[in-house]
Structures are given as C-alpha cells and as structure tokens.
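**Student:** The structure file upload-v8.pdb (PDB, C-alpha atoms, pLDDT in the B column) is provided below.
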```pdb
ATOM      1  CA  MET A 218      52.600  -8.932  -4.252  1.00 56.00           C
ATOM      2  CA  ASN A 219      50.598 -10.229  -1.370  1.00 71.00           C
ATOM      3  CA  ASP A 220      52.029  -8.768   1.839  1.00 77.00           C
ATOM      4  CA  GLN A 221      49.781 -10.663   4.217  1.00 82.00           C
ATOM      5  CA  LEU A 222      50.461 -13.933   5.934  1.00 83.00           C
ATOM      6  CA  SER A 223      47.972 -16.478   7.168  1.00 85.00           C
ATOM      7  CA  PHE A 224      48.297 -18.673  10.214  1.00 83.00           C
ATOM      8  CA  ASP A 225      49.019 -21.604   7.887  1.00 86.00           C
ATOM      9  CA  ASP A 226      51.857 -19.660   6.220  1.00 87.00           C
ATOM     10  CA  LEU A 227      53.484 -19.053   9.607  1.00 86.00           C
ATOM     11  CA  ARG A 228      53.078 -22.701  10.635  1.00 86.00           C
ATOM     12  CA  ALA A 229      54.550 -23.897   7.322  1.00 89.00           C
ATOM     13  CA  TYR A 230      57.480 -21.472   7.687  1.00 88.00           C
ATOM     14  CA  GLN A 231      58.169 -22.645  11.212  1.00 84.00           C
ATOM     15  CA  ALA A 232      57.988 -26.283  10.160  1.00 84.00           C
ATOM     16  CA  GLY A 233      60.320 -25.622   7.190  1.00 85.00           C
ATOM     17  CA  ARG A 234      57.819 -26.781   4.555  1.00 87.00           C
ATOM     18  CA  LEU A 235      58.031 -23.685   2.315  1.00 88.00           C
ATOM     19  CA  SER A 236      59.978 -23.428  -0.926  1.00 89.00           C
ATOM     20  CA  GLY A 237      62.872 -20.988  -1.234  1.00 89.00           C
ATOM     21  CA  PRO A 238      60.982 -18.004  -2.732  1.00 91.00           C
ATOM     22  CA  ALA A 239      58.032 -18.496  -0.369  1.00 90.00           C
ATOM     23  CA  GLN A 240      60.367 -18.707   2.613  1.00 90.00           C
ATOM     24  CA  HIS A 241      62.108 -15.481   1.557  1.00 92.00           C
ATOM     25  CA  ARG A 242      58.716 -13.774   1.129  1.00 90.00           C
ATOM     26  CA  VAL A 243      57.679 -14.765   4.679  1.00 89.00           C
ATOM     27  CA  GLU A 244      61.021 -13.622   6.115  1.00 90.00           C
ATOM     28  CA  ARG A 245      60.754 -10.274   4.315  1.00 91.00           C
ATOM     29  CA  ILE A 246      57.239  -9.690   5.641  1.00 90.00           C
ATOM     30  CA  ILE A 247      58.306 -10.683   9.170  1.00 89.00           C
ATOM     31  CA  LEU A 248      61.204  -8.207   9.037  1.00 90.00           C
ATOM     32  CA  GLU A 249      59.010  -5.401   7.688  1.00 89.00           C
ATOM     33  CA  ASP A 250      56.000  -5.863   9.975  1.00 87.00           C
ATOM     34  CA  PRO A 251      56.515  -6.376  13.720  1.00 87.00           C
ATOM     35  CA  PHE A 252      52.995  -7.804  14.009  1.00 89.00           C
ATOM     36  CA  TYR A 253      53.987 -10.907  12.055  1.00 86.00           C
ATOM     37  CA  ALA A 254      57.228 -11.208  14.040  1.00 88.00           C
ATOM     38  CA  ASP A 255      55.203 -11.219  17.252  1.00 89.00           C
ATOM     39  CA  ALA A 256      52.781 -13.718  15.748  1.00 87.00           C
ATOM     40  CA  LEU A 257      55.640 -16.056  14.844  1.00 86.00           C
ATOM     41  CA  ALA A 258      57.117 -15.724  18.355  1.00 87.00           C
ATOM     42  CA  GLY A 259      53.703 -16.455  19.828  1.00 85.00           C
ATOM     43  CA  LEU A 260      53.300 -19.499  17.591  1.00 83.00           C
ATOM     44  CA  GLU A 261      56.680 -20.827  18.725  1.00 83.00           C
ATOM     45  CA  ALA A 262      55.706 -20.259  22.369  1.00 82.00           C
ATOM     46  CA  MET A 263      52.420 -22.078  21.831  1.00 77.00           C
ATOM     47  CA  GLN A 264      54.152 -25.074  20.311  1.00 75.00           C
ATOM     48  CA  GLN A 265      56.594 -25.340  23.211  1.00 76.00           C
ATOM     49  CA  THR A 266      53.768 -25.901  25.675  1.00 72.00           C
ATOM     50  CA  ALA A 267      52.182 -29.311  26.208  1.00 61.00           C
ATOM     51  CA  THR A 268      48.761 -28.343  24.834  1.00 60.00           C
ATOM     52  CA  PRO A 269      48.252 -28.870  21.091  1.00 63.00           C
ATOM     53  CA  THR A 270      47.732 -25.779  18.916  1.00 69.00           C
ATOM     54  CA  ALA A 271      44.092 -26.495  18.034  1.00 78.00           C
ATOM     55  CA  GLU A 272      43.172 -26.798  21.699  1.00 78.00           C
ATOM     56  CA  GLN A 273      45.021 -23.590  22.512  1.00 76.00           C
ATOM     57  CA  LEU A 274      43.217 -21.755  19.756  1.00 82.00           C
ATOM     58  CA  ALA A 275      39.867 -23.024  21.020  1.00 87.00           C
ATOM     59  CA  SER A 276      40.827 -22.005  24.558  1.00 88.00           C
ATOM     60  CA  LEU A 277      41.858 -18.554  23.411  1.00 88.00           C
ATOM     61  CA  ARG A 278      38.643 -18.198  21.399  1.00 90.00           C
ATOM     62  CA  ASP A 279      36.568 -19.150  24.439  1.00 92.00           C
ATOM     63  CA  ALA A 280      38.484 -16.737  26.661  1.00 91.00           C
ATOM     64  CA  LEU A 281      37.945 -13.973  24.121  1.00 88.00           C
ATOM     65  CA  GLN A 282      34.208 -14.669  23.980  1.00 88.00           C
ATOM     66  CA  ASP A 283      34.039 -14.587  27.791  1.00 86.00           C
ATOM     67  CA  ARG A 284      35.800 -11.220  27.883  1.00 83.00           C
ATOM     68  CA  ILE A 285      33.492  -9.836  25.235  1.00 79.00           C
ATOM     69  CA  HIS A 286      30.407 -10.920  27.170  1.00 79.00           C
ATOM     70  CA  GLU A 287      31.821  -9.543  30.428  1.00 76.00           C
ATOM     71  CA  SER A 288      32.567  -6.168  28.891  1.00 70.00           C
ATOM     72  CA  ALA A 289      29.029  -5.768  27.527  1.00 68.00           C
ATOM     73  CA  THR A 290      27.463  -5.285  30.951  1.00 67.00           C
ATOM     74  CA  LYS A 291      24.620  -2.950  31.774  1.00 65.00           C
ATOM     75  CA  LYS A 292      27.077  -0.600  33.418  1.00 67.00           C
ATOM     76  CA  ARG A 293      28.942  -0.104  30.135  1.00 67.00           C
ATOM     77  CA  LEU A 294      25.758   0.188  28.077  1.00 67.00           C
ATOM     78  CA  TRP A 295      24.153   2.750  30.415  1.00 72.00           C
ATOM     79  CA  PRO A 296      25.837   5.808  28.796  1.00 78.00           C
ATOM     80  CA  LEU A 297      24.477   4.672  25.433  1.00 79.00           C
ATOM     81  CA  TRP A 298      20.916   4.679  26.792  1.00 82.00           C
ATOM     82  CA  ILE A 299      21.430   8.082  28.379  1.00 87.00           C
ATOM     83  CA  ALA A 300      22.696   9.545  25.120  1.00 87.00           C
ATOM     84  CA  THR A 301      19.853   8.015  23.107  1.00 91.00           C
ATOM     85  CA  THR A 302      17.189   9.218  25.530  1.00 93.00           C
ATOM     86  CA  THR A 303      18.684  12.701  25.708  1.00 94.00           C
ATOM     87  CA  ALA A 304      18.765  12.935  21.914  1.00 95.00           C
ATOM     88  CA  ALA A 305      15.118  11.850  21.690  1.00 96.00           C
ATOM     89  CA  ILE A 306      14.010  14.387  24.315  1.00 97.00           C
ATOM     90  CA  LEU A 307      15.933  17.199  22.628  1.00 97.00           C
ATOM     91  CA  PHE A 308      14.400  16.285  19.279  1.00 97.00           C
ATOM     92  CA  MET A 309      10.868  16.322  20.718  1.00 96.00           C
ATOM     93  CA  LEU A 310      11.569  19.651  22.469  1.00 96.00           C
ATOM     94  CA  ALA A 311      12.847  21.175  19.235  1.00 95.00           C
ATOM     95  CA  MET A 312       9.767  19.984  17.366  1.00 94.00           C
ATOM     96  CA  ALA A 313       7.467  21.393  20.075  1.00 93.00           C
ATOM     97  CA  ILE A 314       9.216  24.778  19.936  1.00 91.00           C
ATOM     98  CA  TYR A 315       8.967  24.772  16.160  1.00 90.00           C
ATOM     99  CA  PHE A 316       5.233  24.040  16.192  1.00 88.00           C
ATOM    100  CA  ILE A 317       4.474  26.486  19.007  1.00 88.00           C
ATOM    101  CA  PHE A 318       6.390  29.500  17.699  1.00 85.00           C
ATOM    102  CA  PHE A 319       6.725  29.120  13.950  1.00 81.00           C
ATOM    103  CA  VAL A 320       3.687  27.205  12.776  1.00 77.00           C
ATOM    104  CA  ALA A 321       1.322  29.298  14.923  1.00 66.00           C
ATOM    105  CA  LYS A 322       2.584  32.509  13.260  1.00 70.00           C
ATOM    106  CA  HIS A 323       2.171  31.092   9.767  1.00 65.00           C
ATOM    107  CA  PRO A 324      -1.121  29.192   9.709  1.00 58.00           C
ATOM    108  CA  ALA A 325      -1.689  26.822   6.875  1.00 60.00           C
ATOM    109  CA  ARG A 326      -3.664  28.329   4.054  1.00 63.00           C
ATOM    110  CA  SER A 327      -7.044  26.709   3.948  1.00 59.00           C
ATOM    111  CA  LYS A 328      -8.920  25.995   0.802  1.00 60.00           C
ATOM    112  CA  SER A 329     -11.798  28.299   0.097  1.00 57.00           C
ATOM    113  CA  VAL A 330     -14.887  26.680   1.491  1.00 55.00           C
ATOM    114  CA  THR A 331     -18.270  28.076   0.758  1.00 57.00           C
ATOM    115  CA  LYS A 332     -20.081  28.598   3.992  1.00 58.00           C
ATOM    116  CA  HIS A 333     -23.821  28.481   3.880  1.00 57.00           C
ATOM    117  CA  ARG A 334     -25.270  31.057   6.153  1.00 61.00           C
ATOM    118  CA  THR A 335     -28.844  30.810   7.128  1.00 60.00           C
ATOM    119  CA  THR A 336     -30.705  33.810   8.230  1.00 59.00           C
ATOM    120  CA  LEU A 337     -33.356  33.258  10.806  1.00 58.00           C
ATOM    121  CA  ARG A 338     -36.103  35.716  10.850  1.00 59.00           C
ATOM    122  CA  ILE A 339     -37.981  35.698  14.026  1.00 59.00           C
ATOM    123  CA  GLU A 340     -41.574  36.681  13.921  1.00 56.00           C
ATOM    124  CA  THR A 341     -43.665  36.816  16.950  1.00 54.00           C
ATOM    125  CA  THR A 342     -47.323  36.206  17.103  1.00 53.00           C
ATOM    126  CA  ARG A 343     -49.374  38.721  18.855  1.00 53.00           C
ATOM    127  CA  SER A 344     -51.488  36.215  20.640  1.00 52.00           C
ATOM    128  CA  MET A 345     -48.829  33.881  22.076  1.00 55.00           C
ATOM    129  CA  ASN A 346     -45.883  36.199  22.292  1.00 53.00           C
ATOM    130  CA  GLN A 347     -43.662  33.256  21.143  1.00 52.00           C
ATOM    131  CA  PRO A 348     -41.272  33.276  18.178  1.00 57.00           C
ATOM    132  CA  THR A 349     -42.941  31.483  15.282  1.00 58.00           C
ATOM    133  CA  ALA A 350     -39.655  30.570  13.569  1.00 59.00           C
ATOM    134  CA  LEU A 351     -38.559  28.665  16.666  1.00 59.00           C
ATOM    135  CA  VAL A 352     -41.838  26.804  16.782  1.00 59.00           C
ATOM    136  CA  ARG A 353     -41.539  25.915  13.097  1.00 65.00           C
ATOM    137  CA  ARG A 354     -37.980  24.650  13.612  1.00 63.00           C
ATOM    138  CA  GLN A 355     -39.033  22.461  16.521  1.00 65.00           C
ATOM    139  CA  ASN A 356     -41.858  21.058  14.458  1.00 65.00           C
ATOM    140  CA  GLU A 357     -39.467  20.236  11.608  1.00 70.00           C
ATOM    141  CA  LEU A 358     -37.082  18.429  13.941  1.00 68.00           C
ATOM    142  CA  ASN A 359     -39.793  16.425  15.634  1.00 67.00           C
ATOM    143  CA  GLY A 360     -41.163  15.291  12.512  1.00 60.00           C
TER     144      GLY A 360
END
```
Output the file's structure as structure tokens, nothing else.
**Tutor:**
Amino acid sequence: MNDQLSFDDLRAYQAGRLSGPAQHRVERIILEDPFYADALAGLEAMQQTATPTAEQLASLRDALQDRIHESATKKRLWPLWIATTTAAILFMLAMAIYFIFFVAKHPARSKSVTKHRTTLRIETTRSMNQPTALVRRQNELNG
C-alpha cells in the first residue's frame, strides 16, 4: 500500500471529493503520521485566509528562496574555505615530508648507462712548453 499523500490528496480529502476507501486510507495515514495531520491543519488554515492557495504557495516558495539565499552568505561559507585550504596545505606538507625523508633515502634505480670516458694524454713540446693535446683540441673546435 502507498502510505504517502500528495498535496492533491489532502485537498481532495478536505473538499470531500474522495471515495469511501480512499477517504479511509487518507484518514488512516493522517492518524498514523503527525506530519500529514499538521499538513492538513495547515491547508485548512491557508484556505481560511483571503489569499488563494496558489498565491500562498508562490509566496511561500519565494520566501523560502529568499531565506536560502540569505543563509548562503560569505560568513557561513568562510569555514568551508578554511577547511579546504587547511586540507590542501596539510596534503602538500605531507607530500613534501614524504619526498624529503623517504624518497631521498631510497633513490630510484637508474638504468645502466654506458659512460664513455675519454682519456686525455697531455704531451708537452720541448720548444713551446705548451700542452699539445690542448692545442689539438682547440684546433678541432675552431675548425
């Protein structure tokens, strides 16, 4: 069984437009759930005022939207920004500590790279007292 009532069900019950079994179902739900009893009392109070129901609903909807927009001020959102910023700073600090202390102790294993070592043999000439290998290298670079 469906134990939920819509606004139209409550309006039809109040107006007396429901059949016998439907009316009993609404009454049973109203007796079991105080929310629906309050809703029916509120509906009766709304209909006793001079404003039609549709206008009252629109007015209530607008008032609700205004309250929602008022409550979402910067003052209320400030703790959210503080928490987000603090979490980001703590995360970056944890990562820095991890890289400083743990990664430095366990360096990444590099692939074996063959290093070409060149041996430079320096010979000096007796006449100029200047290294010949250095002169040859300068000549090669210049062209």
**Student:** Select, from A:Asp226, A:Glu287, A:Glu261, A:Asp220, the residue with the minimum atom-to-atom distance to A:Glu249, counting all atoms listed in the file.
**Tutor:**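 Among A:Asp226, A:Glu287, A:Glu261, A:Asp220, it is A:Asp220 that comes nearest to A:Glu249.
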**Student:** Just give me the gap between atom CA of A:Leu281 and atom CA of A:Ile299 in Å, one decimal is fine.
**Tutor:**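 Result for atom CA of A:Leu281 versus atom CA of A:Ile299: 27.9 Å, one decimal.
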**Student:** Which value, in Å to one decimal, gives the distance between atom CA of A:Gln282 and atom CA of A:Gln264?
**Tutor:** 22.8 Å
**Student:** Quick check, in Å to one decimal: how far apart do atom CA of A:Trp298 and atom CA of A:Asp283 lie?
**Tutor:**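 A separation of 23.3 Å between them.
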**Student:** Near A:Gln221, counting only C-alpha atoms, which residues have an atom at most 10 Å away, once you skip same-chain residues fewer than 2 positions from it, shown as a PyMOL selection string?
**Tutor:** chain A and resi 218-219+223+226+242-243+246-247+250+253
**Student:** Choose the residue, out of A:Ser288, A:Thr266, A:Ser276, A:Gln240, that has the smallest atom-to-atom separation from A:Arg228; count all atoms listed in the file.
**Tutor:**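 So, comparing all the options, the nearest one is A:Gln240.
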**Student:** Looking at A:Ile285, A:Ala300, A:Leu227, A:Ala305, which one is nearest to A:Ala258, with distances taken over only C-alpha atoms?
**Tutor:**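 Nearest to A:Ala258: A:Leu227.
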